[in-house]
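Shown next: model33.cif, containing mmCIF, C-alpha atoms.
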```cif
data_coords
#
loop_
_atom_site.label_atom_id
_atom_site.label_comp_id
_atom_site.auth_asym_id
_atom_site.auth_seq_id
_atom_site.Cartn_x
_atom_site.Cartn_y
_atom_site.Cartn_z
CA MET P 60 119.51 128.40 125.35
CA LYS P 61 117.20 130.47 123.13
CA THR P 62 119.46 129.81 120.14
CA SER P 63 119.37 126.07 120.89
CA ASN P 64 115.54 126.08 121.09
CA LYS P 65 115.30 128.04 117.87
CA LEU P 66 117.59 125.59 116.11
CA LEU P 67 115.51 122.66 117.41
CA CYS P 68 112.33 124.26 116.08
CA LEU P 69 113.94 124.75 112.68
CA VAL P 70 115.06 121.12 112.55
CA LEU P 71 111.63 119.86 113.57
CA SER P 72 110.00 122.13 111.01
CA ALA P 73 112.28 120.80 108.28
CA LEU P 74 111.53 117.21 109.27
CA LEU P 75 107.79 117.79 109.24
CA THR P 76 107.97 119.55 105.88
CA GLY P 77 109.98 116.67 104.49
CA ALA P 78 107.48 114.15 105.80
CA CYS P 79 104.60 116.00 104.17
CA SER P 80 106.51 116.24 100.90
CA GLY P 81 107.19 112.51 101.03
CA LYS P 82 103.51 111.77 101.43
CA ASN P 83 102.51 114.03 98.55
CA GLN P 84 105.37 115.24 96.44
CA LEU P 85 102.94 116.49 93.79
CA ALA P 86 101.16 118.77 96.27
CA ALA P 87 104.53 120.03 97.55
CA LEU P 88 105.59 120.97 94.00
CA TRP P 89 102.35 122.82 93.37
CA HIS P 90 102.73 124.68 96.67
CA ASP P 91 106.28 125.67 95.73
CA TYR P 92 105.18 126.84 92.28
CA GLN P 93 102.24 128.83 93.63
CA SER P 94 104.44 130.47 96.30
CA ARG P 95 106.91 131.56 93.64
CA LEU P 96 104.13 133.00 91.49
CA GLU P 97 102.74 134.90 94.48
CA ARG P 98 106.14 136.45 95.21
CA VAL P 99 106.98 137.32 91.60
CA LEU P 100 103.54 138.56 90.56
CA GLN P 101 102.69 140.10 93.97
CA ARG P 102 99.26 138.50 94.05
CA GLN P 103 97.64 136.10 96.51
CA ALA P 104 96.49 132.65 95.48
CA THR P 105 92.77 131.95 95.53
CA PRO P 106 92.42 128.26 96.45
CA GLN P 107 90.39 126.38 93.82
CA ASP P 108 89.87 123.10 95.69
CA THR P 109 86.26 122.52 94.61
CA ILE P 110 86.54 119.13 92.88
CA ALA P 111 85.66 116.05 94.93
CA PHE P 112 87.42 112.73 94.51
CA PRO P 113 85.08 110.41 92.52
CA HIS P 114 84.51 107.52 94.92
CA LEU P 115 82.94 104.39 93.45
CA PRO P 116 79.38 104.10 94.85
CA LYS P 117 78.68 101.75 97.75
CA PRO P 118 78.01 98.07 96.88
CA ARG P 119 74.33 98.32 97.77
CA GLU P 120 73.90 101.10 95.18
CA LEU P 121 75.37 98.82 92.50
CA SER P 122 73.63 95.55 93.37
CA LEU P 123 71.80 93.59 90.67
CA GLU P 124 68.95 91.09 90.71
CA PHE P 125 69.16 87.86 88.73
CA ALA P 126 66.36 85.60 87.51
CA ARG P 127 66.45 82.06 88.90
CA SER P 128 66.77 79.23 86.41
CA GLU P 129 67.55 76.26 88.62
CA ILE P 130 67.33 72.68 87.45
CA ASP P 131 65.01 70.55 89.61
CA LEU P 132 66.98 68.24 91.94
CA LEU P 133 65.39 65.08 90.54
CA ASP P 134 66.13 66.20 86.99
CA PHE P 135 69.68 67.04 88.04
CA LEU P 136 70.18 63.45 89.24
CA ARG P 137 69.16 62.21 85.79
CA MET P 138 72.08 64.04 84.13
CA ARG P 139 74.46 61.26 85.15
CA ARG P 140 76.61 61.24 82.00
CA CYS P 141 76.99 65.02 81.76
CA ALA P 142 80.03 66.98 82.95
CA LEU P 143 77.49 69.66 83.81
CA ARG P 144 76.26 67.45 86.66
CA ASP P 145 79.48 68.07 88.63
CA THR P 146 79.27 71.79 87.92
CA VAL P 147 75.71 72.01 89.25
CA ALA P 148 76.68 69.91 92.27
CA GLN P 149 79.51 72.30 93.12
CA ARG P 150 77.21 75.29 92.63
CA ASN P 151 74.61 73.78 94.99
CA SER P 152 77.21 73.04 97.65
CA ILE P 153 77.60 75.31 100.68
CA LEU P 154 80.72 76.92 99.19
CA GLY P 155 78.97 77.41 95.86
CA ARG P 156 75.87 79.01 97.36
CA HIS P 157 77.94 81.48 99.37
CA GLY P 158 80.53 82.32 96.72
CA ASP P 159 81.22 85.89 95.69
CA ALA P 160 80.40 87.45 92.30
CA ALA P 161 83.59 86.11 90.72
CA ALA P 162 82.79 82.55 91.84
CA ARG P 163 79.26 82.88 90.46
CA LEU P 164 80.64 84.14 87.14
CA ILE P 165 82.90 81.10 86.89
CA PHE P 166 79.90 78.84 87.51
CA GLU P 167 77.82 80.61 84.85
CA LEU P 168 80.63 80.27 82.30
CA ARG P 169 81.01 76.57 83.10
CA PHE P 170 77.27 76.01 82.86
CA ILE P 171 76.94 77.82 79.53
CA SER P 172 79.93 76.06 77.96
CA GLN P 173 78.91 72.57 79.16
CA ALA P 174 75.16 72.84 78.47
CA PRO P 175 75.22 72.10 74.70
CA ALA P 176 77.09 68.79 75.13
CA CYS P 177 74.79 67.76 77.97
CA GLU P 178 71.73 68.76 75.97
CA LYS P 179 72.88 66.50 73.12
CA ILE P 180 73.44 63.57 75.50
CA LEU P 181 69.98 64.02 77.00
CA ILE P 182 68.31 64.08 73.57
CA GLU P 183 70.18 60.96 72.52
CA GLY P 184 68.99 59.28 75.71
CA GLY P 185 65.39 60.20 75.01
CA GLN P 186 65.21 62.82 77.76
CA THR P 187 63.95 65.56 75.45
CA ALA P 188 61.91 67.34 78.14
CA LEU P 189 64.92 67.68 80.38
CA ALA P 190 67.01 68.75 77.39
CA GLY P 191 64.50 71.52 76.68
CA GLN P 192 64.53 72.59 80.31
CA LEU P 193 68.32 72.70 80.23
CA LYS P 194 68.32 74.76 77.03
CA ILE P 195 66.03 77.36 78.60
CA ALA P 196 68.20 77.52 81.72
CA ALA P 197 71.35 77.96 79.62
CA GLN P 198 69.69 80.67 77.53
CA THR P 199 68.64 82.54 80.67
CA LYS P 200 72.19 82.37 82.00
CA GLN P 201 73.54 83.52 78.64
CA ASN P 202 71.22 86.54 78.63
CA GLN P 203 72.26 87.45 82.16
CA LEU P 204 75.97 86.87 81.57
CA PRO P 205 76.80 90.58 80.93
CA ALA P 206 75.32 91.44 84.34
CA ARG P 207 77.32 88.61 85.96
CA ILE P 208 80.50 90.01 84.40
CA PHE P 209 79.49 93.50 85.55
CA ALA P 210 79.08 92.30 89.15
CA ALA P 211 82.34 90.34 89.14
CA SER P 212 84.46 93.01 87.47
CA VAL P 213 83.76 96.75 87.32
CA THR P 214 81.67 96.80 90.51
CA GLY P 215 83.45 93.94 92.27
CA PRO P 216 85.83 94.24 95.24
CA GLU P 217 88.99 94.07 93.09
CA PHE P 218 87.98 96.96 90.83
CA ARG P 219 86.80 98.83 93.92
CA ALA P 220 90.28 98.47 95.41
CA PHE P 221 91.75 99.53 92.06
CA TRP P 222 89.81 102.83 92.16
CA GLN P 223 90.21 103.44 95.90
CA MET P 224 91.58 106.81 96.97
CA PRO P 225 95.16 106.29 98.25
CA ALA P 226 96.34 107.34 101.69
CA ASP P 227 99.06 109.39 99.99
CA LEU P 228 100.85 109.79 96.66
CA SER P 229 104.36 109.07 97.90
CA ALA P 230 104.85 106.27 95.36
CA TYR P 231 103.12 108.04 92.50
CA PRO P 232 103.44 108.75 89.59
CA LEU P 233 104.53 105.30 88.49
CA TYR P 234 107.58 105.61 86.31
CA GLY P 235 107.55 101.81 86.04
CA LYS P 236 104.73 99.50 85.04
CA ASP P 237 101.39 99.31 86.80
CA PRO P 238 100.90 95.62 87.70
CA SER P 239 97.23 95.82 86.71
CA LEU P 240 97.71 96.81 83.06
CA ASP P 241 98.37 93.31 81.71
CA ALA P 242 95.57 91.95 83.89
CA LEU P 243 93.09 94.53 82.58
CA ALA P 244 94.04 93.71 78.99
CA ARG P 245 93.65 89.99 79.72
CA TRP P 246 90.23 90.55 81.30
CA GLN P 247 89.15 92.60 78.31
CA ARG P 248 90.14 89.78 75.91
CA TRP P 249 88.24 87.21 77.98
CA GLN P 250 85.21 89.44 78.20
CA THR P 251 85.15 89.83 74.41
CA GLN P 252 85.11 86.04 74.03
CA TRP P 253 82.39 85.62 76.64
CA LEU P 254 80.12 88.24 75.09
CA GLU P 255 80.51 87.38 71.40
CA GLN P 256 78.90 83.92 71.32
CA PRO P 257 78.75 82.73 74.90
CA TYR P 258 76.26 79.91 74.33
CA SER P 259 78.48 77.96 71.92
CA MET P 260 81.84 78.82 73.53
CA ALA P 261 83.37 75.85 71.66
CA GLU P 262 86.92 76.64 72.75
CA TRP P 263 85.78 76.57 76.39
CA SER P 264 84.07 73.18 76.29
CA SER P 265 87.23 71.23 77.15
CA ILE P 266 88.82 73.81 79.41
CA LYS P 267 90.37 72.75 82.70
CA TRP P 268 88.05 74.76 84.91
CA GLN P 269 90.00 74.43 88.14
CA GLN P 270 93.09 75.86 86.46
CA PHE P 271 91.12 78.59 84.71
CA SER P 272 89.29 79.53 87.90
CA ALA P 273 92.63 80.10 89.61
CA GLU P 274 93.83 82.18 86.65
CA LEU P 275 90.67 84.29 86.67
CA LEU P 276 90.93 84.95 90.41
CA ASN P 277 94.66 85.74 90.09
CA THR P 278 93.87 88.21 87.32
CA LEU P 279 91.35 89.99 89.52
CA GLY P 280 93.98 90.00 92.28
CA GLU P 281 96.43 91.75 89.95
CA ILE P 282 93.79 94.32 89.06
CA ARG P 283 93.29 94.96 92.79
CA LEU P 284 96.95 96.05 92.99
CA GLY P 285 96.52 98.69 90.27
CA ALA P 286 96.82 102.42 90.78
CA GLY P 287 93.60 103.74 89.25
CA GLY P 288 92.74 105.58 92.45
CA SER P 289 96.21 107.12 92.61
CA MET P 290 95.83 108.30 89.03
CA LEU P 291 92.50 110.00 89.85
CA ALA P 292 93.93 111.55 93.04
CA ALA P 293 96.97 112.85 91.15
CA GLN P 294 94.85 114.36 88.37
CA ARG P 295 92.61 115.96 90.97
CA GLU P 296 95.77 117.40 92.59
CA ASN P 297 96.82 118.71 89.18
CA VAL P 298 93.44 120.37 88.57
CA VAL P 299 93.58 122.09 91.97
CA GLY P 300 97.18 123.16 91.39
CA LEU P 301 96.60 124.39 87.86
CA THR P 302 93.45 126.36 88.61
CA THR P 303 94.98 127.93 91.73
CA ALA P 304 98.15 128.93 89.84
CA SER P 305 96.05 130.23 86.97
CA SER P 306 94.07 132.43 89.37
CA ILE P 307 97.33 134.15 90.40
CA ILE P 308 98.34 134.83 86.80
CA ASN P 309 94.81 135.88 85.86
CA GLN P 310 94.78 138.53 88.59
CA ARG P 311 97.91 140.10 87.09
CA ILE P 312 96.62 139.92 83.51
CA HIS P 313 93.44 141.76 84.47
CA GLY P 314 95.18 144.12 86.89
CA ARG P 315 98.40 146.09 86.74
CA PRO P 316 100.47 144.92 83.72
CA LEU P 317 103.63 142.95 84.41
CA CYS P 318 105.37 145.03 81.72
CA LEU P 319 104.25 148.41 80.40
CA LYS P 320 106.25 147.82 77.20
CA PRO P 321 107.01 144.58 75.29
CA GLN P 322 110.35 144.45 77.02
CA ALA P 323 111.54 142.05 79.74
CA THR P 324 111.70 143.35 83.31
CA PRO P 325 113.30 141.61 86.32
CA ALA P 326 109.82 140.47 87.43
CA ALA P 327 109.10 139.04 83.97
CA THR P 328 112.43 137.21 83.96
CA HIS P 329 111.72 135.75 87.39
CA PHE P 330 108.24 134.73 86.27
CA ARG P 331 109.65 132.90 83.27
CA GLY P 332 112.25 131.33 85.57
CA ALA P 333 109.51 129.95 87.83
CA LEU P 334 107.73 128.54 84.79
CA ASN P 335 110.87 126.82 83.54
CA ALA P 336 112.28 125.64 86.88
CA VAL P 337 109.13 124.26 88.50
CA PHE P 338 106.20 124.07 86.09
CA ILE P 339 108.04 122.81 83.00
CA ALA P 340 111.04 120.99 84.50
CA GLN P 341 109.24 119.29 87.40
CA LEU P 342 105.45 119.46 87.26
CA GLN P 343 105.27 118.80 83.52
CA LYS P 344 107.59 115.83 83.89
CA GLN P 345 105.30 114.32 86.52
CA SER P 346 102.21 115.21 84.50
CA SER P 347 103.65 113.41 81.48
CA ALA P 348 104.10 110.22 83.52
CA ILE P 349 100.60 110.55 85.01
CA ASN P 350 99.03 111.19 81.60
CA GLN P 351 100.78 108.15 80.11
CA HIS P 352 99.52 106.00 82.98
CA GLN P 353 96.03 107.43 82.51
CA PHE P 354 96.11 106.56 78.80
CA ASN P 355 97.20 102.98 79.52
CA VAL P 356 94.60 102.49 82.24
CA MET P 357 91.65 104.15 80.52
CA THR P 358 92.27 102.44 77.16
CA ASN P 359 91.51 99.11 78.82
CA ILE P 360 88.83 100.40 81.21
CA ARG P 361 86.84 102.11 78.46
CA ARG P 362 86.92 99.00 76.25
CA ILE P 363 85.69 96.88 79.15
CA GLU P 364 82.93 99.34 80.05
CA LYS P 365 81.79 100.04 76.48
CA ASP P 366 81.39 96.38 75.49
CA LEU P 367 79.87 95.41 78.81
CA LEU P 368 77.30 98.21 79.02
CA THR P 369 76.40 97.74 75.34
CA ALA P 370 75.73 94.04 75.99
CA MET P 371 73.68 94.83 79.09
CA ASN P 372 71.54 97.27 77.12
CA ALA P 373 71.11 94.75 74.29
CA ASN P 374 69.87 92.14 76.79
CA ARG P 375 67.65 94.69 78.57
CA LEU P 376 69.58 94.31 81.80
CA VAL P 377 69.38 97.09 84.37
CA ILE P 378 72.55 99.19 84.66
CA PRO P 379 72.72 100.87 88.08
CA GLU P 380 72.33 104.61 87.60
CA ALA P 381 74.85 105.18 90.38
CA TYR P 382 77.55 103.59 88.24
CA ILE P 383 76.77 105.79 85.23
CA THR P 384 76.85 108.87 87.46
CA TRP P 385 80.23 107.85 88.91
CA GLN P 386 81.56 107.09 85.43
CA LYS P 387 80.61 110.60 84.29
CA GLN P 388 82.21 112.18 87.39
CA ARG P 389 85.43 110.22 86.83
CA ASP P 390 85.65 111.13 83.15
CA ALA P 391 84.76 114.77 83.87
CA LEU P 392 87.70 115.00 86.28
CA LEU P 393 90.08 113.64 83.63
CA GLN P 394 88.69 116.02 81.01
CA THR P 395 88.95 118.97 83.41
CA THR P 396 92.65 118.21 83.86
CA ILE P 397 93.23 118.68 80.13
CA GLN P 398 91.25 121.92 80.07
CA ALA P 399 93.03 123.31 83.14
CA GLN P 400 96.42 122.50 81.60
CA ARG P 401 95.57 124.31 78.36
CA GLN P 402 94.16 127.31 80.20
CA HIS P 403 97.25 127.65 82.38
CA VAL P 404 99.64 127.51 79.44
CA GLU P 405 97.53 130.11 77.58
CA LEU P 406 97.46 132.46 80.57
CA ALA P 407 101.21 132.13 81.16
CA GLY P 408 101.84 132.83 77.49
CA ALA P 409 99.55 135.86 77.54
CA LEU P 410 101.39 137.36 80.53
CA LEU P 411 104.82 136.73 79.01
CA SER P 412 103.72 138.32 75.74
CA GLN P 413 103.23 141.60 77.61
CA CYS P 414 106.98 141.62 78.05
CA GLY P 415 107.96 140.41 74.61
CA LEU P 416 108.66 136.93 75.95
CA ASN P 417 107.21 133.50 75.46
CA PRO P 418 107.83 130.23 77.33
CA GLY P 419 110.15 128.97 74.59
CA ASN P 420 112.65 131.82 74.18
#
```
Encoded form using structure tokens:
Amino acid sequence: MKTSNKLLCLVLSALLTGACSGKNQLAALWHDYQSRLERVLQRQATPQDTIAFPHLPKPRELSLEFARSEIDLLDFLRMRRCALRDTVAQRNSILGRHGDAAARLIFELRFISQAPACEKILIEGGQTALAGQLKIAAQTKQNQLPARIFAASVTGPEFRAFWQMPADLSAYPLYGKDPSLDALARWQRWQTQWLEQPYSMAEWSSIKWQQFSAELLNTLGEIRLGAGGSMLAAQRENVVGLTTASSIINQRIHGRPLCLKPQATPAATHFRGALNAVFIAQLQKQSSAINQHQFNVMTNIRRIEKDLLTAMNANRLVIPEAYITWQKQRDALLQTTIQAQRQHVELAGALLSQCGLNPGN
């Protein structure tokens, strides 16, 4: 009976361990690697879990205020021959007034692109005062456009979902293609067009807005499905794993030597074996996939942020300080991953050199 209970406990333990590994294979690999280093080097790990996950600030910390530049209702009724009249009507509808940031961005783009043609029609019809009023309204919307893009994109619900911390890393790293990469590149191309000369926007004047609106919303939906948060969580896991493993090696470097002479010992051979079997063959393989994903993601994200924040500064628009702080925390985590990787490789090489070995021989 005791043997049966013991066997049951072992089975349950194996199942639980497997479940944990499935949820976070990366953490399981780091635990395995650290355990091997502890056994071989006869030192205890000092947990280095001091880096917090960089959560995007709450919406209220990123909210923006926009100047009102509404056309008077009576003046609006006088724009009978303008396509802009339908746009303003939709914006003033119940659905338009309660739309989210993406819907407001679409309206602003429509207004800006349709305003010049309407202004010309009004001037030709002798309505120069209304044309001047329209021009001022369009200019105000143009100046505020970077902030509208900011609200609809990098601080909007889709980008928030993109950066959200995952429940686990069971499906990460992505050895396939992140569905958000093409969408981010598409958004970046659109943003460049919107910010270059938004008031003229000649190529947008005859656009089918209903079709484009659906495409814009679908693009944001694809960004929502991206794995930016998984990438950050994985790199945080790597920093914790690297610094903890480095602390084990560092204790041995600054304590009793692994080898008294530059000659391999059984402990040194086992140490190199752990490096090759787990760190190089498994962890480095995953790190390579994570780093490639990070490069693909951040190439697009940094282009979007750089152009957008530059335009906001140029138009003297307020950039929420909370976003800049988060941006720095995010980038600091990614930079720390690189530094921790280099430090670990250097420490491992230094310990192996005591024994006349190096990771490559």
Mind running range 195-263 of chain P against range 342-363 of chain P at 6 Å and telling me each contacting residue's nearest atom pair with the distance in Å (one decimal), counting only C-alpha atoms, chain and number ascending, as a Markdown table?
```
| residue | atom | partner | partner_atom | distance |
| --- | --- | --- | --- | --- |
| P:Pro232 | CA | P:Ile349 | CA | 5.7 |
| P:Ala244 | CA | P:Asn359 | CA | 6.0 |
| P:Gln247 | CA | P:Ile363 | CA | 5.6 |
```
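Going from CA of Ala210 in chain P over to CA of Leu121 in chain P, you cover 8.2 Å.
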- Query: With distances taken over only C-alpha atoms, which of P:Ala211, P:Cys414, P:Leu406, P:Ala190 is nearest to Ser305 in chain P?
  - Reply: P:Leu406
- The residue from P:Leu254, P:Ile339, P:Ile378, P:Ala286 with the smallest atom-to-atom distance to Pro205 in chain P, counting all atoms listed in the file, is P:Leu254
- Query: Any chance you could work out the residue set of the PyMOL selection byres ((chain P and resi 272) around 12) here, as an NGL selection string?
  - Reply: :P and (161-169 or 266-271 or 273-279)
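Compared by their closest atoms to Ala230 in chain P, and using all atoms listed in the file, the residues P:Thr369, P:Asn335, P:Gln402, P:Asn83 rank with P:Asn83 nearest.
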- Matched chain/residue IDs from the PyMOL selection byres ((chain P and resi 104) around 12), as a VMD selection string: chain P and resid 89 to 90 92 to 98 100 to 103 105 to 108 299 to 311
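Candidate residues P:Glu120, P:Glu217, P:Asp366, P:Glu296 were compared for distance to Ala160 in chain P, and the nearest is P:Glu217, using only C-alpha atoms.
Candidate residues P:Asn297, P:Asn374, P:Ser412, P:Ser239 were compared for distance to Ala323 in chain P, and the nearest is P:Ser412, using all atoms listed in the file.
Computed from the coordinates, the CA of Val298 in chain P to CA of Thr396 in chain P distance equals 5.2 Å.
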